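Input: a single structure, listed below in structure tokens.
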Amino acid sequence: MKYRYIAALMLIGMCVSCGQKHEKTEPNQSAVQAPLPGSPEEAVMVAGDLALTMADYDRCIEVHNLMGRHFSKRALANPQFQRDELQRCFQSRFLKDYMVKNQIAIAPAEVEAETARLLKTNDVADVNALAAKLGIAPDHIQDVIADSLIPLKVQGHIITTLSDDVMRMAYDIDERVMHVEVADFDNSPSDEELSAYLEDNGGSLSAYLGRHPQLLNGLPHVYFVRMGYLVNGDENESDVMRRWEALRLVAVQQGMDKAIEKCESEKMSGCVVMNGKDKPLVEERSEDNKWAFRMPVGSVSEMDRTPVDRAFKITLKLEEPQPLDLHDPAVQKNIGRRAMLDTVPSLHLTAQLKSAFAMPDVDLDTVARALDGHYVSNEASYYKIKSQHLVASKQVIEMLSDVKPEEIGLFSNPILENDRLYVFRVLSIRQPSDADYLAHRDEWLKRRSDDPSLEMLNRWLQNKVPSMATQNIVPVQAKYGILQPNGTIR
């Protein structure tokens with residue numbers, strides 16, 4: 001069987017709607033005419049014959065809240081976020097219009113099922129309590145729940161209406177079995193390489209900083225109140241957990257002060273406010289605490305477990321990044337090292353790899369161990385490799401979707417991601433048979449339709465949403481503010 005997956009990614013995006021084309025229509029004048037400034041109907045983005053209103057934008061924020069993506073005031077006031085959100089919200093507006101034109105409806109039973117799931121997940125009794133907990137207007141909650149179902153609903157529609165040829169090619173991409181081996185290495189530059197880069201980088205460092213201006217500031221800080229129960233060998237863990245859960249529920253439902261009050265009243269039961277409002281726990285932003293920067297002040301963490309206590313943290317305040325001293329040689333080195341990790345393959349490492357790969361019958365596992373790298377080898381379907389994260393690099397996984405037959409057995413060029421340098425090669429590919437396709441097509445369709453990453457929907461949107469648009473960000477900034485370089489909101 002010929003390898004047909006080479007063109008499939010392009011066809012999925014361009015033909016996934018079964019050959020549908022943009023129809024040339026006259027602009028809808030009522031959609032592009034702006035109502036009174038400051039009204040919910042004021043247009044904040046217009047493309048083609050569709051307009052996104054301020055009310056639509058606010059609804060997008062409510063859907064974020066419903067899905068557990070609570071943005072801080074600082075995030076909502078960030079001009080870059082606002083522009084990106086206008087684009088994303090317009091896609092939502094486009095999907096609603098597409099549903100109307102194609103007579104796609106969300107059944108009441110689907111809304112009821114999702115409502116029941118949300119009530120259970122958020123541990124609330126009814127939709128009014130759900131709205132209060134998630135920061136959504138009570139009279140909007142049912143509409144917001146319905147809106148949250150739209151992307152998967154449309155994705156299911158476009159996938160199940162693919163032409164047979166496109167469906168088969170997409171299936172072949174997911175289900176072909178690949179034997180792939182991947183090695184990754186520390187991409188840190190040597191001191192000599194870093195010095196040379198800082199002395200003569202041809203403007204690449206300036207260009208990098210232009211794309212990553214956040215590096216000109218230090219990390220933001222978060223201030224936490226931390227409280228919980230001490231543990232000892234004589235006490236039953238389940239008893240501690242029961243008290244911990246009750247205390248955390250007070251923090252979630254009644255706030256920080258009530259939780260502190262409850263904890264102080266239970267000192268004899270081992271409750272301790274380890275860090276109060278007067279002496280908070282201060283942390284730089286990290287993978288462990290990034291949730292605090294995405295949620296409002298007063299948000300409560302999950303379990304914060306140590307050998308001596310079972311605690312949780314409540315966000316007290318966020319401190320904005322402070323500008324770095326760019327004249328400080330240590331700061332210059334840190335920024336230069338960051339740029340090199342992201343953009344420049346380590347020269348001493350690539351020289352060693354070239355030498356090793358020039359040898360006959362290269363054993364990548366041996367090369368990886370010799371250069372203090374990591375090695376993985378998998379023989380699995382592309383879908384399994386991607387969905388189970390059998391390969392750590394997202395870029396490598398993306399490249400695996402388009403490996404050509406003539407590239408089997410060849411080493412890739414260096415790939416930089418997460419401070420690591422990756423190389424891979426595909427040793428074999430086995431395409432699914434016609435019998436495989438007939439036996440598992442419906443299962444594949446269901447899986448693809450329910451894919452929460454919305455990969456196929458996003459590919460489809462790239463080719464369907466009008467590319468020419470006009471933004472009016474003023475109403476958004478009037479409501480949510482404008483984040484200033486010094487961290488204040490105007």
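Chain lettering (A, B, ...) mirrors the order of the structure tokens, residue numbering begins at 1 for each chain separately, and ligand numbering begins at 1 in order of display.
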Just list the residues in segment 40-259 of chain A DSSP gives strand (DSSP E) on the backbone, as a PDB file with N, CA, C and O atoms, in the first residue's frame.
ATOM      1  N   ALA A  43     -19.493  46.164  18.560  1.00  0.00           N
ATOM      2  CA  ALA A  43     -18.621  45.194  17.898  1.00  0.00           C
ATOM      3  C   ALA A  43     -17.178  45.401  18.339  1.00  0.00           C
ATOM      4  O   ALA A  43     -16.670  46.524  18.340  1.00  0.00           O
ATOM      5  N   VAL A  44     -16.519  44.299  18.700  1.00  0.00           N
ATOM      6  CA  VAL A  44     -15.104  44.372  19.070  1.00  0.00           C
ATOM      7  C   VAL A  44     -14.227  43.666  18.033  1.00  0.00           C
ATOM      8  O   VAL A  44     -13.009  43.791  18.062  1.00  0.00           O
ATOM      9  N   MET A  45     -14.862  42.925  17.122  1.00  0.00           N
ATOM     10  CA  MET A  45     -14.119  42.328  16.008  1.00  0.00           C
ATOM     11  C   MET A  45     -15.102  42.025  14.887  1.00  0.00           C
ATOM     12  O   MET A  45     -16.191  41.517  15.118  1.00  0.00           O
ATOM     13  N   VAL A  46     -14.698  42.358  13.669  1.00  0.00           N
ATOM     14  CA  VAL A  46     -15.530  42.120  12.495  1.00  0.00           C
ATOM     15  C   VAL A  46     -14.678  41.442  11.435  1.00  0.00           C
ATOM     16  O   VAL A  46     -13.559  41.867  11.150  1.00  0.00           O
ATOM     17  N   ALA A  47     -15.210  40.361  10.859  1.00  0.00           N
ATOM     18  CA  ALA A  47     -14.542  39.667   9.756  1.00  0.00           C
ATOM     19  C   ALA A  47     -15.612  39.086   8.850  1.00  0.00           C
ATOM     20  O   ALA A  47     -16.511  38.380   9.308  1.00  0.00           O
ATOM     21  N   LEU A  50     -19.565  38.531   9.740  1.00  0.00           N
ATOM     22  CA  LEU A  50     -19.798  38.234  11.151  1.00  0.00           C
ATOM     23  C   LEU A  50     -19.161  39.298  12.039  1.00  0.00           C
ATOM     24  O   LEU A  50     -18.078  39.810  11.729  1.00  0.00           O
ATOM     25  N   ALA A  51     -19.834  39.602  13.147  1.00  0.00           N
ATOM     26  CA  ALA A  51     -19.309  40.551  14.121  1.00  0.00           C
ATOM     27  C   ALA A  51     -19.311  39.910  15.500  1.00  0.00           C
ATOM     28  O   ALA A  51     -20.267  39.220  15.879  1.00  0.00           O
ATOM     29  N   LEU A  52     -18.236  40.115  16.236  1.00  0.00           N
ATOM     30  CA  LEU A  52     -18.135  39.687  17.629  1.00  0.00           C
ATOM     31  C   LEU A  52     -18.439  40.895  18.501  1.00  0.00           C
ATOM     32  O   LEU A  52     -17.812  41.944  18.366  1.00  0.00           O
ATOM     33  N   THR A  53     -19.415  40.759  19.399  1.00  0.00           N
ATOM     34  CA  THR A  53     -19.789  41.875  20.256  1.00  0.00           C
ATOM     35  C   THR A  53     -19.106  41.782  21.609  1.00  0.00           C
ATOM     36  O   THR A  53     -18.518  40.758  21.963  1.00  0.00           O
ATOM     37  N   VAL A 177       1.609   1.952  12.512  1.00  0.00           N
ATOM     38  CA  VAL A 177       2.489   1.568  13.608  1.00  0.00           C
ATOM     39  C   VAL A 177       3.916   1.964  13.250  1.00  0.00           C
ATOM     40  O   VAL A 177       4.433   1.590  12.189  1.00  0.00           O
ATOM     41  N   MET A 178       4.537   2.721  14.138  1.00  0.00           N
ATOM     42  CA  MET A 178       5.875   3.242  13.890  1.00  0.00           C
ATOM     43  C   MET A 178       6.845   2.689  14.921  1.00  0.00           C
ATOM     44  O   MET A 178       6.516   2.609  16.112  1.00  0.00           O
ATOM     45  N   HIS A 179       8.018   2.318  14.477  1.00  0.00           N
ATOM     46  CA  HIS A 179       9.106   1.995  15.404  1.00  0.00           C
ATOM     47  C   HIS A 179      10.049   3.189  15.388  1.00  0.00           C
ATOM     48  O   HIS A 179      10.725   3.460  14.388  1.00  0.00           O
ATOM     49  N   VAL A 180      10.032   3.942  16.467  1.00  0.00           N
ATOM     50  CA  VAL A 180      10.801   5.178  16.530  1.00  0.00           C
ATOM     51  C   VAL A 180      11.699   5.163  17.758  1.00  0.00           C
ATOM     52  O   VAL A 180      11.322   4.662  18.819  1.00  0.00           O
ATOM     53  N   GLU A 181      12.900   5.684  17.601  1.00  0.00           N
ATOM     54  CA  GLU A 181      13.800   5.840  18.741  1.00  0.00           C
ATOM     55  C   GLU A 181      14.223   7.303  18.830  1.00  0.00           C
ATOM     56  O   GLU A 181      14.448   7.966  17.815  1.00  0.00           O
ATOM     57  N   VAL A 182      14.261   7.792  20.070  1.00  0.00           N
ATOM     58  CA  VAL A 182      14.516   9.209  20.327  1.00  0.00           C
ATOM     59  C   VAL A 182      15.566   9.342  21.414  1.00  0.00           C
ATOM     60  O   VAL A 182      15.518   8.637  22.430  1.00  0.00           O
ATOM     61  N   ALA A 183      16.518  10.226  21.199  1.00  0.00           N
ATOM     62  CA  ALA A 183      17.516  10.551  22.227  1.00  0.00           C
ATOM     63  C   ALA A 183      17.461  12.047  22.493  1.00  0.00           C
ATOM     64  O   ALA A 183      17.263  12.846  21.566  1.00  0.00           O
ATOM     65  N   ASP A 184      17.600  12.431  23.755  1.00  0.00           N
ATOM     66  CA  ASP A 184      17.639  13.865  24.076  1.00  0.00           C
ATOM     67  C   ASP A 184      18.793  14.145  25.021  1.00  0.00           C
ATOM     68  O   ASP A 184      19.195  13.292  25.815  1.00  0.00           O
ATOM     69  N   PHE A 185      19.311  15.353  24.915  1.00  0.00           N
ATOM     70  CA  PHE A 185      20.530  15.748  25.623  1.00  0.00           C
ATOM     71  C   PHE A 185      20.373  17.152  26.190  1.00  0.00           C
ATOM     72  O   PHE A 185      19.591  17.961  25.684  1.00  0.00           O
ATOM     73  N   ASP A 186      21.148  17.446  27.203  1.00  0.00           N
ATOM     74  CA  ASP A 186      21.198  18.796  27.770  1.00  0.00           C
ATOM     75  C   ASP A 186      21.791  19.745  26.739  1.00  0.00           C
ATOM     76  O   ASP A 186      22.908  19.520  26.247  1.00  0.00           O
ATOM     77  N   HIS A 221       6.037  37.103  41.842  1.00  0.00           N
ATOM     78  CA  HIS A 221       5.962  36.391  43.121  1.00  0.00           C
ATOM     79  C   HIS A 221       4.506  36.268  43.558  1.00  0.00           C
ATOM     80  O   HIS A 221       3.665  37.092  43.206  1.00  0.00           O
ATOM     81  N   VAL A 222       4.250  35.233  44.305  1.00  0.00           N
ATOM     82  CA  VAL A 222       2.924  35.042  44.879  1.00  0.00           C
ATOM     83  C   VAL A 222       3.069  34.927  46.387  1.00  0.00           C
ATOM     84  O   VAL A 222       4.014  34.309  46.895  1.00  0.00           O
ATOM     85  N   TYR A 223       2.143  35.558  47.110  1.00  0.00           N
ATOM     86  CA  TYR A 223       2.119  35.519  48.572  1.00  0.00           C
ATOM     87  C   TYR A 223       0.972  34.593  48.997  1.00  0.00           C
ATOM     88  O   TYR A 223      -0.167  34.785  48.577  1.00  0.00           O
ATOM     89  N   PHE A 224       1.301  33.602  49.810  1.00  0.00           N
ATOM     90  CA  PHE A 224       0.313  32.624  50.255  1.00  0.00           C
ATOM     91  C   PHE A 224       0.095  32.688  51.764  1.00  0.00           C
ATOM     92  O   PHE A 224       1.051  32.881  52.528  1.00  0.00           O
ATOM     93  N   VAL A 225      -1.157  32.500  52.172  1.00  0.00           N
ATOM     94  CA  VAL A 225      -1.469  32.085  53.539  1.00  0.00           C
ATOM     95  C   VAL A 225      -1.524  30.563  53.507  1.00  0.00           C
ATOM     96  O   VAL A 225      -2.161  29.979  52.623  1.00  0.00           O
ATOM     97  N   ARG A 226      -0.842  29.927  54.441  1.00  0.00           N
ATOM     98  CA  ARG A 226      -0.778  28.456  54.448  1.00  0.00           C
ATOM     99  C   ARG A 226      -1.255  27.942  55.801  1.00  0.00           C
ATOM    100  O   ARG A 226      -0.831  28.439  56.847  1.00  0.00           O
ATOM    101  N   MET A 227      -2.156  26.954  55.771  1.00  0.00           N
ATOM    102  CA  MET A 227      -2.680  26.404  57.018  1.00  0.00           C
ATOM    103  C   MET A 227      -3.022  24.934  56.830  1.00  0.00           C
ATOM    104  O   MET A 227      -3.176  24.454  55.698  1.00  0.00           O
ATOM    105  N   GLY A 228      -3.118  24.215  57.936  1.00  0.00           N
ATOM    106  CA  GLY A 228      -3.460  22.803  57.859  1.00  0.00           C
ATOM    107  C   GLY A 228      -3.234  22.117  59.193  1.00  0.00           C
ATOM    108  O   GLY A 228      -3.146  22.774  60.249  1.00  0.00           O
ATOM    109  N   TYR A 229      -3.104  20.798  59.154  1.00  0.00           N
ATOM    110  CA  TYR A 229      -3.009  19.999  60.372  1.00  0.00           C
ATOM    111  C   TYR A 229      -1.670  19.284  60.452  1.00  0.00           C
ATOM    112  O   TYR A 229      -1.193  18.697  59.468  1.00  0.00           O
ATOM    113  N   LEU A 230      -1.076  19.352  61.630  1.00  0.00           N
ATOM    114  CA  LEU A 230       0.154  18.604  61.882  1.00  0.00           C
ATOM    115  C   LEU A 230      -0.179  17.120  61.981  1.00  0.00           C
ATOM    116  O   LEU A 230      -1.282  16.738  62.385  1.00  0.00           O
TER     117      LEU A 230
END
Could you pull the residues within 12 Å of Tyr383 of chain A, counting only C-alpha atoms, minus those fewer than 4 positions along the same chain, as a CSV table (one decimal) with N, CA, C and O atoms, in the first residue's frame?
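New file out.csv:
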chain,number,residue,atom,x,y,z
A,170,ALA,N,-6.8,10.2,7.2
A,170,ALA,CA,-6.6,10.6,8.6
A,170,ALA,C,-6.5,9.4,9.5
A,170,ALA,O,-5.7,9.4,10.4
A,171,TYR,N,-7.3,8.4,9.2
A,171,TYR,CA,-7.2,7.1,9.9
A,171,TYR,C,-5.8,6.5,9.8
A,171,TYR,O,-5.2,6.1,10.8
A,172,ASP,N,-5.2,6.5,8.6
A,172,ASP,CA,-3.9,5.9,8.4
A,172,ASP,C,-2.8,6.7,9.2
A,172,ASP,O,-1.8,6.1,9.6
A,173,ILE,N,-3.0,8.0,9.3
A,173,ILE,CA,-2.0,8.7,10.1
A,173,ILE,C,-2.0,8.3,11.5
A,173,ILE,O,-1.0,8.0,12.1
A,174,ASP,N,-3.2,8.2,12.1
A,174,ASP,CA,-3.3,7.8,13.5
A,174,ASP,C,-2.9,6.4,13.8
A,174,ASP,O,-2.3,6.1,14.8
A,175,GLU,N,-3.3,5.5,12.9
A,175,GLU,CA,-3.1,4.1,13.2
A,175,GLU,C,-1.9,3.4,12.6
A,175,GLU,O,-1.8,2.2,12.8
A,176,ARG,N,-1.1,4.1,11.8
A,176,ARG,CA,0.1,3.4,11.3
A,176,ARG,C,1.0,3.1,12.5
A,176,ARG,O,1.1,4.0,13.4
A,177,VAL,N,1.6,2.0,12.5
A,177,VAL,CA,2.5,1.6,13.6
A,177,VAL,C,3.9,2.0,13.2
A,177,VAL,O,4.4,1.6,12.2
A,178,MET,N,4.5,2.7,14.1
A,178,MET,CA,5.9,3.2,13.9
A,178,MET,C,6.8,2.7,14.9
A,178,MET,O,6.5,2.6,16.1
A,379,GLU,N,7.5,1.1,19.7
A,379,GLU,CA,6.9,0.6,18.5
A,379,GLU,C,5.4,0.6,18.8
A,379,GLU,O,4.9,-0.3,19.5
A,387,SER,N,-1.0,10.3,22.2
A,387,SER,CA,-2.0,10.4,23.3
A,387,SER,C,-1.4,10.0,24.7
A,387,SER,O,-1.7,10.5,25.7
A,388,GLN,N,-0.4,9.1,24.6
A,388,GLN,CA,0.2,8.6,25.9
A,388,GLN,C,1.5,9.2,26.2
A,388,GLN,O,2.2,8.8,27.1
A,389,HIS,N,1.9,10.2,25.3
A,389,HIS,CA,3.1,11.0,25.6
A,389,HIS,C,4.3,10.1,25.7
A,389,HIS,O,5.2,10.2,26.6
A,390,LEU,N,4.4,9.1,24.8
A,390,LEU,CA,5.5,8.2,24.8
A,390,LEU,C,6.8,8.9,24.4
A,390,LEU,O,7.9,8.4,24.6
A,391,VAL,N,6.7,10.0,23.7
A,391,VAL,CA,7.9,10.9,23.4
A,391,VAL,C,7.6,12.2,24.0
A,391,VAL,O,6.6,12.8,24.0
A,397,ILE,N,6.9,14.7,18.1
A,397,ILE,CA,5.6,14.1,17.8
A,397,ILE,C,4.9,14.7,16.6
A,397,ILE,O,4.4,13.9,15.7
A,398,GLU,N,5.0,16.0,16.4
A,398,GLU,CA,4.4,16.6,15.3
A,398,GLU,C,5.1,16.2,14.0
A,398,GLU,O,4.5,15.9,12.9
A,400,LEU,N,6.7,13.4,13.5
A,400,LEU,CA,6.4,12.0,13.2
A,400,LEU,C,5.2,11.8,12.4
A,400,LEU,O,5.0,10.8,11.6
A,401,SER,N,4.3,12.8,12.4
A,401,SER,CA,3.0,12.7,11.6
A,401,SER,C,3.3,12.8,10.1
A,401,SER,O,2.4,12.5,9.3
A,444,TRP,N,-12.6,4.7,15.8
A,444,TRP,CA,-11.7,5.8,15.5
A,444,TRP,C,-12.5,7.1,15.4
A,444,TRP,O,-12.1,8.2,15.9
A,447,ARG,N,-13.6,8.3,18.8
A,447,ARG,CA,-12.4,8.8,19.6
A,447,ARG,C,-12.0,10.2,19.1
A,447,ARG,O,-11.7,11.1,19.8
A,448,ARG,N,-12.0,10.4,17.8
A,448,ARG,CA,-11.6,11.6,17.2
A,448,ARG,C,-12.7,12.7,17.5
A,448,ARG,O,-12.3,13.9,17.7
A,451,ASP,N,-12.2,14.0,21.0
A,451,ASP,CA,-10.9,14.4,21.4
A,451,ASP,C,-10.9,15.8,22.0
A,451,ASP,O,-11.2,16.8,21.4
### Message
Between A:Gly68, A:Pro79, A:Pro40, A:Gly336, which residue has the minimum interatomic distance to Gln477 of chain A, considering only C-alpha atoms?
### Response
A:Pro79
Any chance you could tabulate, as a Markdown table, the residues of segment 419-465 of chain A at most 8 Å from segment 137-157 of chain A with each one's nearest atom pair and distance in Å to one decimal, using only C-alpha atoms, in chain and rising number order?
| residue | atom | partner | partner_atom | distance |
| --- | --- | --- | --- | --- |
| A:Lys446 | CA | A:Gly156 | CA | 7.9 |
| A:Arg448 | CA | A:Gly156 | CA | 7.7 |
| A:Ser449 | CA | A:Gly156 | CA | 4.2 |
| A:Asp450 | CA | A:Leu152 | CA | 6.4 |
| A:Asp451 | CA | A:Leu152 | CA | 7.8 |
| A:Pro452 | CA | A:Leu152 | CA | 7.5 |
| A:Leu454 | CA | A:Gln155 | CA | 7.1 |
| A:Met456 | CA | A:Gln155 | CA | 7.0 |
| A:Leu457 | CA | A:Gln155 | CA | 5.2 |
For the residues selected in the previous step, produce a file with C-alpha atoms as a PDB file, in the first residue's frame.
ATOM      1  CA  LYS A 446     -15.865   8.260  18.111  1.00  0.00           C
ATOM      2  CA  ARG A 448     -11.610  11.643  17.186  1.00  0.00           C
ATOM      3  CA  SER A 449     -14.990  13.304  17.721  1.00  0.00           C
ATOM      4  CA  ASP A 450     -14.523  13.289  21.502  1.00  0.00           C
ATOM      5  CA  ASP A 451     -10.869  14.395  21.383  1.00  0.00           C
ATOM      6  CA  PRO A 452     -10.652  17.177  24.026  1.00  0.00           C
ATOM      7  CA  LEU A 454      -9.855  19.683  19.450  1.00  0.00           C
ATOM      8  CA  MET A 456      -9.078  18.347  13.996  1.00  0.00           C
ATOM      9  CA  LEU A 457     -11.481  21.193  14.748  1.00  0.00           C
TER      10      LEU A 457
END
